[in-house]
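Heads up: the structure comes next, in structure tokens.
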Amino acid sequence: MSGPEGNDVFVAELLRGSLDHCVKCTICETACPVSNATPLFPGPKYAGPQSERYRIADEPSVDASVDYCSGCGICSQVCPQGVKIAEINAQARNKLKRQKGFPLRDRIITRPTWLGRAGTPVAPIANFTLHFKPFRILGEKVLGVHRDAPAPDFAGRRFSKWARKRGQNGRPASATGRKIVYFHGCGTEYYEPWEGEKVVEILEHNGFEVVVPKQDCCGLPLQSSGLFDEGRKVVIRLAKALRAHVTDEDTIIVGNATSCTLMLKREAREILSLEDDPDLKFVSERTYDICELLLELHDRGELKTDFSPINETVAYHAPCQQQGHWVGKPALDLLALVPGLEVKEMNARCCGIAGTYGLKAEKYDISMAVGRDLFDQVAASGAPTVACDSETCRWQIAHGTKLPSVHPIDYLHRSYGL
Amino acid sequence: MRRSELHFDAVVIGAGTAGLVAGTRLAQGGARVCVLAKGIGSTHLAPATIDVLGYAPDRVDAPGPALEQLIAARPDHPYALIGAEVVGDALSWFAQIVPSGPMPGYVYGGSLEHNQLLPTAVGALRPSALVPETMANGEASRLQRVCIVGTPALRDFHPSLCAANLERAGIEARAVSLDLKLERADMNTLGLARHFDDEKWRRQFCAELSLALRSDEAVGLPAMLGLRDPHEVLADVEHRLGRRVFEIPTLPPSVPGMRLYEILRSALRAAGGRLVLGAEVTSSEREGDRIVSVSTHAAGRDLIYVAPWFVLASGGFASGGIELDSHWVTHERVLGLPLRGVPAEGEPRFAGRYLDEQPMARVGVAVDSDLRAEGAENVLVAGAALPGAIPWREGSGEGIALASGYRAAQVAAAQLSPTAAIA
């Protein structure tokens with residue numbers, strides 16, 4: 001499949017059309033994590049609306065520097081004129097990479113499902129190898145994955161096995177419970193199955209019936225590395241798998257990997273030009289990030305509030321992709337419900353990892369420079385733990401701060417006493 | 001498209017000074033508030049001084065009395081609707097919340113008794129009522145001899161132009177261009193502000209600058225004295241240079257403006273208010289003379305924000321809150337509210353020279369004396385969306401934004417909870 005070419009052009013033109021609204025106010029430049037950390041990326045205004053005028057279909061790519069955009073999306077979020085800066089740059093990056101060719105590395109690290117399946121049965125060996133310096137140096141030399149980049153441990157068990165044992169995969173809806181289709185993503189499946197277990201228990205505690213369909217990657221790593229055709233195949237397959245379990249109007253899809261839920265909601269539609277895919281559209285409109293859903297329930301008075309105190313301090317970092325949901329920062333208001341918990345909001349832009357960006361040998365140093373502001377703020381806050389909605393960001397934060405980093409729902413789960 | 005409904009006591013549209021102040025005041029009064037904004041607002045583009053009234057039409061030395069005169073002469077002016085007393089209250093409140101914000105010790109100084117005359121980037125003197133401490137030493141009456149310092153990497157700041165114009169205003173001024181070793185050929189003040197946050201970098205900067213300074217001159221720098229702890233950065237630079245130092249506002253991005261945004265944003269958060277960026281209001285629902293809800297395109301679906309009160313702080317022509325279309329028709333773009341001050345058919349819309357008094361510039365949303373929008377009784381209007389002012393001629397933009405945001409919150413809060421109305 002080469003992708004829906006006609007629609008590609010149409011969507012690209014729509015994104016492109018937004019550049020005429022740019023008034024060069026520089027607000028995106030104040031927010032860009034990358035251009036503020038390295039001179040290699042000239043910034044969203046320059047790489048976006050300004051360079052786009054010189055990018056002509058069928059002509060060679062004009063600016064290699066756009067490869068240094070991490071795709072975090074903050075520029076589009078803060079733009080007061082509605083210019084789709086990050087989306088324009090994603091298209092330009094795709095064109096550049098198609099022209100230059102994709103390194104083998106990008107074809108491997110963008111496939112969390114392959115990696116997870118390979119690593120899980122041999123977790124102790126795989127984990128040892130991933131932390132074994134000579135192997136990492138080799139990996140850097142041969143593949144271009146930085147030797148110091150954060151590498152999460154394989155859990156050695158798969159979340160879906162736990163769910164299946166519990167009878168969670170597709171049992172008939174009970175008469176009373178509202179049904180939720182749980183999209184756990186690859187991070188939960190292979191690396192942090194306990195996060196998925198907590199999601200299921202919190203939702204069940206609040207009276208939902210949770211169904212866990214067989215599922216794969218959302219395609220975000222492929223998309224962010226510019227492998228659009230491969231990304232389309234993967235996300236459409238996921239959309240079909242999730243849709244099959246949405247059997248009535250009230251059923252919604254919930255995920256705890258905030259960048260992956262954003263991929264389903266918006267990024268695949270806009271960046272991969274899949275606005276017209278019926279399965280993706282159906283899924284996208286029904287997908288919630290876990291904190292977004294829980295806060296909406298609380299606002300409606302439907303969330304159980306039998307919380308016991310947790311007398312601790314936690315630093316909270318809202319990842320870029322969470323902010324791309326355009327729903328504010330629901331985790332902050334949720335954490336505020338836990339009695340005794342002191343929440344310190346970090347106001348640094350980005351942790352630096354941006355999915356797979358910070359793994360790449362040529363970008364690792366940039367990603368650490370981007371994250372420096374956050375790491376310093378965490379240290380200054382004195383909090384012993386950092387809460388964050390995205391797993392790759394948590395791994396980077398743990399790497400950069402040497403502190404544990406957890407999903408915000410961990411606190412709700414503990415406070416519920418589940 | 002599926003929709004989710006969210007309920008609040010008040011929804012504020014716009015995250016510039018007016019919107020953030022209205023949201024914070026409402027939240028401080030106990031209301032459940034959500035501030036919706038398409039993106040970041042005017043703060044990042046403006047000097048972040050609070051200019052209440054600088055010209056009326058001659059330069060104003062004492063904004064308090066001049067404000068009374070303006071209110072008496074111009075009942076259609078936003079200040080006449082807000083009232084001089086509320087302007088004063090709003091300023092005091094603001095001066096109080098700044099030091100309790102995220103930048104310890106950073107304060108705004110000044111009053112309605114005297115305008116402070118501060119140099120602009122081109123060396124003109126601009127009157128402001130409240131100014132951040134980092135600019136206070138630039139007050140013209142305190143300047144005898146001054147050295148304006150720039151660096152070639154900062155293309156939009158020309159120390160010699162600034163100094164030459166200060167000379168014309170009777171201040172002994174000279175310029176120094178410091179060839180700093182920087183990581184890139186072109187920098188903006190934000191990049192330099194991040195360097196100033198670093199103590200080691202500051203030490204090096206001050207050591208190099210010291211060599212170029214004469215014994216008795218103050219130092220004017222483009223506004224870049226750090227984002228995290230400007231109070232400490234100013235004290236440190238003054239200590240190392242052994243003289244008074246001040247910031248001069250620059251072209252965007254405005255470092256003091258980014259500080260102001262962080263101060264207001266964290267005040268909103270501390271009061272329990274929510275802020276949603278990337279949330280352009282795309283439609284609204286009405287019942288008779290009331291707006292029932294507004295909606296935004298969130299990722300994947302529309303969110304409907306239902307509230308008994310709305311504050312419209314979406315700005316004027318500059319931010320796109322009001323537009324003039326290609327058929328010469330003006331619109332308020334968020335809620336479609338009626339406008340006031342639109343020049344009648346055949347009347348002049350624009351004056352010939354750019355900086356002249358432009359009739360079109362007075363256009364704003366039609367409001368009553370409580371800032372209520374005409375035809376939408378539960379919508380209060382604040383900031384540049386208000387009609388009747390020409391902020392860039394009057395030097396009144398931030399004053400109107402702050403005071404009208406404060407006043408709008410007062411009106412809504414009194415209705416939301418008459419017994420616990422905020423002062």
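Lettering and numbering for the structure tokens are positional, with chains as A, B, ... in the shown order, residues counted from 1 in each chain, and ligands counted from 1 in the shown order.
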List as a Markdown table every residue of chain A that is in contact with chain B, defined as an atom at most 7 Å from one of its atoms (using only C-alpha atoms), together with the nearest atom pair and the distance in Å rounded to one decimal, sorted by chain and then rising number.
| residue | atom | partner | partner_atom | distance |
| --- | --- | --- | --- | --- |
| A:Cys25 | CA | B:Pro252 | CA | 6.7 |
| A:Thr26 | CA | B:Pro253 | CA | 5.9 |
| A:Ile27 | CA | B:His44 | CA | 6.6 |
| A:Thr30 | CA | B:Pro253 | CA | 6.7 |
| A:Asn36 | CA | B:Gly191 | CA | 6.5 |
| A:Pro39 | CA | B:Arg184 | CA | 6.1 |
| A:Gln77 | CA | B:Gly278 | CA | 4.7 |
| A:Val78 | CA | B:Gly39 | CA | 4.2 |
| A:Cys79 | CA | B:Gly39 | CA | 4.8 |
| A:Pro80 | CA | B:Gly39 | CA | 4.0 |
| A:Lys265 | CA | B:Gly300 | CA | 4.3 |
| A:Arg266 | CA | B:Ala299 | CA | 5.3 |
| A:Ser284 | CA | B:Gly300 | CA | 5.1 |
| A:Glu285 | CA | B:Gly300 | CA | 4.7 |
| A:His325 | CA | B:Ala299 | CA | 4.9 |
| A:Trp326 | CA | B:Ala298 | CA | 5.1 |
| A:Val327 | CA | B:Val276 | CA | 5.7 |
| A:Gly328 | CA | B:Val276 | CA | 4.1 |
Could you give me, as JSON, numbers by chain, the residues within 12 Å of Glu398 (chain B), counting only C-alpha atoms and dropping anything in the same chain fewer than 5 positions from it? {"B": [16, 17, 18, 19, 21, 42, 43, 45, 46, 47, 48, 49, 50, 51, 52, 53, 54, 79, 87, 90, 91, 94, 128, 129, 130, 131, 257, 260, 315, 382, 383, 384, 389, 390, 391, 392, 403, 404, 405]}
Restricted to N, CA, C and O atoms, what would the selected residues look like written as a compact mmCIF listing (two decimals), in the first residue's frame?
# COMPACT_ATOMS: atom_id res chain seq x y z
N GLY B 16 -4.85 36.13 27.46
CA GLY B 16 -3.99 37.30 27.63
C GLY B 16 -4.17 37.84 29.04
O GLY B 16 -4.76 37.17 29.90
N THR B 17 -3.68 39.04 29.28
CA THR B 17 -3.78 39.61 30.63
C THR B 17 -5.23 39.68 31.11
O THR B 17 -5.54 39.26 32.23
N ALA B 18 -6.14 40.18 30.28
CA ALA B 18 -7.53 40.34 30.70
C ALA B 18 -8.16 39.01 31.08
O ALA B 18 -8.79 38.88 32.13
N GLY B 19 -7.97 38.01 30.24
CA GLY B 19 -8.59 36.70 30.48
C GLY B 19 -8.01 36.03 31.71
O GLY B 19 -8.76 35.47 32.53
N VAL B 21 -6.54 37.45 34.27
CA VAL B 21 -6.94 38.19 35.48
C VAL B 21 -8.39 37.86 35.83
O VAL B 21 -8.71 37.56 36.99
N SER B 42 -1.47 37.91 24.36
CA SER B 42 -0.68 39.10 24.08
C SER B 42 0.55 39.27 24.97
O SER B 42 1.46 40.01 24.64
N THR B 43 0.57 38.56 26.11
CA THR B 43 1.65 38.80 27.07
C THR B 43 3.04 38.67 26.44
O THR B 43 3.92 39.48 26.72
N LEU B 45 4.10 39.32 23.65
CA LEU B 45 4.41 40.28 22.60
C LEU B 45 4.56 41.70 23.13
O LEU B 45 4.96 42.60 22.41
N ALA B 46 4.21 41.92 24.40
CA ALA B 46 4.18 43.29 24.94
C ALA B 46 5.25 43.46 26.01
O ALA B 46 5.76 42.48 26.55
N PRO B 47 5.58 44.71 26.34
CA PRO B 47 6.69 44.96 27.29
C PRO B 47 6.42 44.49 28.71
O PRO B 47 7.34 44.41 29.51
N ALA B 48 5.12 44.22 29.05
CA ALA B 48 4.76 43.75 30.39
C ALA B 48 4.78 44.84 31.44
O ALA B 48 4.67 44.56 32.63
N THR B 49 4.91 46.10 31.03
CA THR B 49 4.65 47.18 31.98
C THR B 49 3.13 47.38 32.02
O THR B 49 2.45 47.02 31.07
N ILE B 50 2.63 47.92 33.13
CA ILE B 50 1.20 48.20 33.18
C ILE B 50 1.02 49.68 32.90
O ILE B 50 1.17 50.54 33.78
N ASP B 51 0.71 50.00 31.64
CA ASP B 51 0.50 51.38 31.21
C ASP B 51 -0.97 51.71 31.40
O ASP B 51 -1.81 51.14 30.72
N VAL B 52 -1.27 52.60 32.31
CA VAL B 52 -2.68 52.91 32.57
C VAL B 52 -3.17 54.04 31.66
O VAL B 52 -4.19 53.93 30.99
N LEU B 53 -2.43 55.14 31.66
CA LEU B 53 -2.77 56.24 30.76
C LEU B 53 -1.51 57.06 30.55
O LEU B 53 -1.04 57.72 31.46
N GLY B 54 -1.01 57.01 29.34
CA GLY B 54 0.25 57.68 29.03
C GLY B 54 0.08 58.99 28.27
O GLY B 54 0.88 59.92 28.42
N TYR B 79 -12.45 52.89 30.53
CA TYR B 79 -12.17 53.32 31.91
C TYR B 79 -13.40 53.95 32.55
O TYR B 79 -13.58 53.87 33.77
N VAL B 87 -9.99 50.63 38.90
CA VAL B 87 -8.67 50.62 38.28
C VAL B 87 -7.60 50.57 39.37
O VAL B 87 -6.67 49.75 39.33
N ALA B 90 -7.60 47.17 41.10
CA ALA B 90 -7.01 46.14 40.24
C ALA B 90 -5.49 46.23 40.28
O ALA B 90 -4.80 45.21 40.36
N LEU B 91 -4.97 47.45 40.24
CA LEU B 91 -3.51 47.64 40.29
C LEU B 91 -2.94 47.14 41.62
O LEU B 91 -1.90 46.46 41.65
N PHE B 94 -2.95 43.39 41.68
CA PHE B 94 -1.90 42.86 40.83
C PHE B 94 -0.53 42.95 41.50
O PHE B 94 0.24 41.98 41.53
N SER B 128 4.66 54.70 31.97
CA SER B 128 4.00 53.51 32.53
C SER B 128 3.69 53.74 34.00
O SER B 128 4.47 54.38 34.70
N ALA B 129 2.58 53.16 34.47
CA ALA B 129 2.20 53.32 35.88
C ALA B 129 2.91 52.30 36.78
O ALA B 129 3.47 52.64 37.80
N LEU B 130 2.85 51.01 36.36
CA LEU B 130 3.50 49.97 37.16
C LEU B 130 4.57 49.32 36.29
O LEU B 130 4.29 48.94 35.15
N VAL B 131 5.77 49.16 36.86
CA VAL B 131 6.83 48.55 36.06
C VAL B 131 7.54 47.48 36.89
O VAL B 131 7.65 47.59 38.10
N GLY B 257 7.34 39.78 29.34
CA GLY B 257 5.98 39.32 29.04
C GLY B 257 5.80 37.85 29.36
O GLY B 257 4.77 37.43 29.86
N LEU B 260 5.36 37.62 32.99
CA LEU B 260 4.00 38.03 33.38
C LEU B 260 3.01 36.90 33.14
O LEU B 260 2.16 36.62 33.98
N GLY B 315 -9.61 39.63 22.62
CA GLY B 315 -8.80 40.66 21.96
C GLY B 315 -9.53 41.37 20.82
O GLY B 315 -10.69 41.08 20.52
N ALA B 382 -13.92 41.88 28.30
CA ALA B 382 -12.73 42.48 28.93
C ALA B 382 -11.60 42.60 27.92
O ALA B 382 -11.54 41.85 26.94
N GLY B 383 -10.72 43.55 28.16
CA GLY B 383 -9.50 43.70 27.36
C GLY B 383 -9.73 44.42 26.04
O GLY B 383 -10.62 45.26 25.91
N ALA B 384 -8.92 44.05 25.06
CA ALA B 384 -8.91 44.78 23.79
C ALA B 384 -10.18 44.61 22.97
O ALA B 384 -10.37 45.29 21.96
N ALA B 389 -11.46 52.75 23.03
CA ALA B 389 -10.09 53.14 23.37
C ALA B 389 -9.18 52.95 22.16
O ALA B 389 -9.47 52.15 21.29
N ILE B 390 -8.10 53.72 22.14
CA ILE B 390 -7.03 53.45 21.16
C ILE B 390 -5.76 53.24 21.96
O ILE B 390 -4.97 54.17 22.19
N PRO B 391 -5.56 52.01 22.44
CA PRO B 391 -4.53 51.73 23.45
C PRO B 391 -3.14 52.22 23.05
O PRO B 391 -2.41 52.73 23.89
N TRP B 392 -2.76 52.06 21.77
CA TRP B 392 -1.37 52.41 21.44
C TRP B 392 -1.15 53.90 21.38
O TRP B 392 -0.03 54.36 21.48
N ALA B 403 -7.69 46.06 34.46
CA ALA B 403 -8.84 46.58 35.20
C ALA B 403 -10.16 46.00 34.70
O ALA B 403 -11.06 45.73 35.49
N SER B 404 -10.29 45.78 33.40
CA SER B 404 -11.55 45.23 32.89
C SER B 404 -11.68 43.75 33.23
O SER B 404 -12.78 43.26 33.50
N GLY B 405 -10.55 43.02 33.22
CA GLY B 405 -10.60 41.63 33.65
C GLY B 405 -11.03 41.53 35.10
O GLY B 405 -11.86 40.71 35.48
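Put simply, CA of Lys200 (chain B) is 29.1 Å away from CA of His146 (chain A).
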Using only C-alpha atoms for the distances, tell me which of A:Glu197, A:Asp148, A:Glu52, A:Glu59 is nearest to Tyr364 (chain A). A:Asp148
Every residue of region 168-269 of chain A that DSSP places in strand (DSSP E), as number ranges by chain: A: 178-183, 208-211, 252-255
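Here the question is which of A:Arg157, A:Arg178, A:Lys233, A:Lys133 gets nearest to Arg117 (chain A) using only C-alpha atoms, and that residue is A:Arg157.
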Contacts of Leu40 (chain A) within 10 Å, only C-alpha atoms, excl. fewer than 6 positions in-chain, as a PyMOL selection string: (chain A and resi 34+64-69+366) or (chain B and resi 184)
Name the residues in contact with region 415-418 of chain A at a cut-off of 12 Å, using only C-alpha atoms, excluding same-chain residues fewer than 2 positions from it; report them as number ranges by chain. A: 197-206, 303-312, 334-341, 408-413
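What separates CA of Ser76 (chain A) from CA of Ile263 (chain B) is a distance of 22.6 Å.
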Can you list every residue in region 116-294 of chain B that DSSP puts in helix (DSSP H, G or I), as a ChimeraX atom specification? /B:133-136,140-142,159-168,189-196,199-212,230-241,255-270
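In this comparison, which uses only C-alpha atoms, the residue of A:Ile137, A:Ile236, A:Ala149, A:Ala331 approaching Gln215 (chain A) most closely is A:Ile236.
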For Ala376 (chain B): contacts at 9 Å, only C-alpha atoms, fewer than 4 positions along chain excluded, given as a ChimeraX atom specification: /B:286,288-291,337,372,380
Next, dump the selected residues to file, keeping only N, CA and C atoms, as a PDB file, in the first residue's frame.
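File selection16.pdb, as written:
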ATOM      1  N   ARG B 286     -27.105  29.445  22.032  1.00  0.00           N
ATOM      2  CA  ARG B 286     -27.822  30.542  22.652  1.00  0.00           C
ATOM      3  C   ARG B 286     -29.209  30.112  23.059  1.00  0.00           C
ATOM      4  N   GLY B 288     -32.313  32.660  23.738  1.00  0.00           N
ATOM      5  CA  GLY B 288     -32.718  34.059  23.863  1.00  0.00           C
ATOM      6  C   GLY B 288     -31.511  34.954  24.002  1.00  0.00           C
ATOM      7  N   ASP B 289     -31.492  35.729  25.097  1.00  0.00           N
ATOM      8  CA  ASP B 289     -30.400  36.672  25.308  1.00  0.00           C
ATOM      9  C   ASP B 289     -29.251  36.086  26.112  1.00  0.00           C
ATOM     10  N   ARG B 290     -29.185  34.772  26.194  1.00  0.00           N
ATOM     11  CA  ARG B 290     -28.106  34.152  26.971  1.00  0.00           C
ATOM     12  C   ARG B 290     -27.293  33.192  26.116  1.00  0.00           C
ATOM     13  N   ILE B 291     -25.997  33.164  26.366  1.00  0.00           N
ATOM     14  CA  ILE B 291     -25.153  32.132  25.775  1.00  0.00           C
ATOM     15  C   ILE B 291     -25.191  30.951  26.751  1.00  0.00           C
ATOM     16  N   LEU B 337     -21.066  38.706  18.507  1.00  0.00           N
ATOM     17  CA  LEU B 337     -21.765  39.756  19.256  1.00  0.00           C
ATOM     18  C   LEU B 337     -21.766  41.070  18.470  1.00  0.00           C
ATOM     19  N   ARG B 372     -21.381  44.169  30.273  1.00  0.00           N
ATOM     20  CA  ARG B 372     -22.196  43.105  29.687  1.00  0.00           C
ATOM     21  C   ARG B 372     -22.373  43.347  28.198  1.00  0.00           C
ATOM     22  N   LEU B 380     -19.603  38.887  29.718  1.00  0.00           N
ATOM     23  CA  LEU B 380     -18.899  40.110  30.097  1.00  0.00           C
ATOM     24  C   LEU B 380     -17.677  40.236  29.205  1.00  0.00           C
TER      25      LEU B 380
END
